[in-house]
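K.L.:
Could you have a look at this structure, given as structure tokens, before my questions?
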Amino acid sequence: MKRINIKCPYCGSRAYLRPASVVYGDHTDDTGAKLYVCARYPVCDAYVAAHKDTLLPMGTLADRNLRRKRMEAHSALKRLVASGLMTRKQAYRWLQTQFGLPEPEAHIAKFSELRCQKVIDLCRAFSRAQTRAA
């Protein structure tokens, strides 16, 4: 496996691949899960999950505020999909178009707080427009 060098955008330290238990303790659902964690954790609380098969990061390192905003954006998109207005795949293509992003960059796990808020706003506006049209 090739070593991945990830620099923390908050403090500039290096992030290391660690078991999820380093952050979640005994509260982790998946004992095999891995995270890229800032070397200064817990002073700097930035981390990101790693894909199980490739161990590549699922997105960019995020602090508590960004993780919270990403969860809100995921929830907004999930509600849009649950409403039946579009499939998950269609929802991500829609986001890709809305932001003018190439497919590999159109993932909430790579978004900033500002872009996450735009996702939330776009989902709300789309849902309201569809409700009025019905």
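Residue numbering restarts at 1 for every chain of the structure tokens, chains are lettered A, B, ... in their displayed order, and ligands are numbered from 1 as they appear.
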From a DSSP pass on the backbone, collect the residues of chain A flagged as helix (DSSP H, G or I) and hand them back as a count of residues only.

P.N.:
65

K.L.:
Any idea what's packed within 6 Å of A:Ala33, counting only C-alpha atoms, ignoring anything in its chain fewer than 2 positions away? Could you give it as a list in words?

P.N.:
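That gives Ala20, Asp30 and Thr31 of chain A.
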
K.L.:
I need the residues from that last selection saved to file as an mmCIF file, in the first residue's frame (with C-alpha atoms), if you can.

P.N.:
data_model
loop_
_atom_site.group_PDB
_atom_site.id
_atom_site.type_symbol
_atom_site.label_atom_id
_atom_site.label_comp_id
_atom_site.auth_asym_id
_atom_site.auth_seq_id
_atom_site.Cartn_x
_atom_site.Cartn_y
_atom_site.Cartn_z
ATOM 1 C CA ALA A 20 -11.514 4.452 14.514
ATOM 2 C CA ASP A 30 -17.124 -1.236 13.189
ATOM 3 C CA THR A 31 -13.992 -2.397 14.973
#

K.L.:
Can you tell me which residues surround stretch 57-70 of chain A at a distance of at most 7 Å, considering only C-alpha atoms, apart from same-chain residues fewer than 6 positions away, and format the answer as an NGL selection string?

P.N.:
:A and (8 or 36 or 45-51 or 108-110 or 112-113 or 116)

K.L.:
My list of candidates is A:Thr54, A:Thr28, A:Ser127, A:Gln117. Which is closest to A:Met86 when distances are computed with only C-alpha atoms?

P.N.:
A:Ser127

K.L.:
Name the closest residue to A:Ala125 among the candidates A:Gln96, A:Ala76, A:Phe111, A:Lys89; distances are taken between atoms, counting only C-alpha atoms.

P.N.:
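Nearest candidate to A:Ala125 out of A:Gln96, A:Ala76, A:Phe111, A:Lys89: A:Ala76.
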
K.L.:
Write out as an NGL selection string each polymer residue whose atoms come within 12 Å of A:Phe99, counting only C-alpha atoms; drop sequence neighbours fewer than 6 positions from it.

P.N.:
:A and (92-93 or 105-108 or 111 or 115-116 or 118-119 or 122)

K.L.:
Can you list, as number ranges by chain, every residue of stretch 8-82 of chain A that DSSP puts in strand (DSSP E or B)?

P.N.:
A: 14-19, 34-38, 47-50, 57, 62

K.L.:
Would you mind listing what lies within 10 Å of A:Val23 as JSON, numbers by chain, with only C-alpha atoms counted and same-chain residues fewer than 6 positions away left out?

P.N.:
{"A": [34, 35, 37, 41, 42, 45, 47]}

K.L.:
Could you save those same residues with N, CA and C atoms as a PDB file, in the first residue's frame?

P.N.:
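Wrote result_25.pdb, looks like this:
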ATOM      1  N   LYS A  34     -11.218   2.543   9.915  1.00  0.00           N
ATOM      2  CA  LYS A  34      -9.997   3.354  10.020  1.00  0.00           C
ATOM      3  C   LYS A  34     -10.334   4.809   9.717  1.00  0.00           C
ATOM      4  N   LEU A  35      -9.552   5.690  10.309  1.00  0.00           N
ATOM      5  CA  LEU A  35      -9.678   7.126  10.088  1.00  0.00           C
ATOM      6  C   LEU A  35      -8.298   7.714   9.845  1.00  0.00           C
ATOM      7  N   VAL A  37      -6.359  10.711  11.061  1.00  0.00           N
ATOM      8  CA  VAL A  37      -6.506  11.580  12.227  1.00  0.00           C
ATOM      9  C   VAL A  37      -5.310  12.514  12.309  1.00  0.00           C
ATOM     10  N   TYR A  41      -4.351  15.409  17.384  1.00  0.00           N
ATOM     11  CA  TYR A  41      -5.609  15.008  18.011  1.00  0.00           C
ATOM     12  C   TYR A  41      -5.338  14.658  19.472  1.00  0.00           C
ATOM     13  N   PRO A  42      -6.135  15.068  20.417  1.00  0.00           N
ATOM     14  CA  PRO A  42      -7.438  15.718  20.316  1.00  0.00           C
ATOM     15  C   PRO A  42      -7.388  17.254  20.374  1.00  0.00           C
ATOM     16  N   ASP A  45      -9.025  18.531  16.379  1.00  0.00           N
ATOM     17  CA  ASP A  45      -9.933  17.379  16.268  1.00  0.00           C
ATOM     18  C   ASP A  45     -10.294  17.024  14.828  1.00  0.00           C
ATOM     19  N   TYR A  47     -10.365  14.923  11.463  1.00  0.00           N
ATOM     20  CA  TYR A  47     -10.200  13.558  10.977  1.00  0.00           C
ATOM     21  C   TYR A  47     -11.183  13.301   9.841  1.00  0.00           C
TER      22      TYR A  47
END
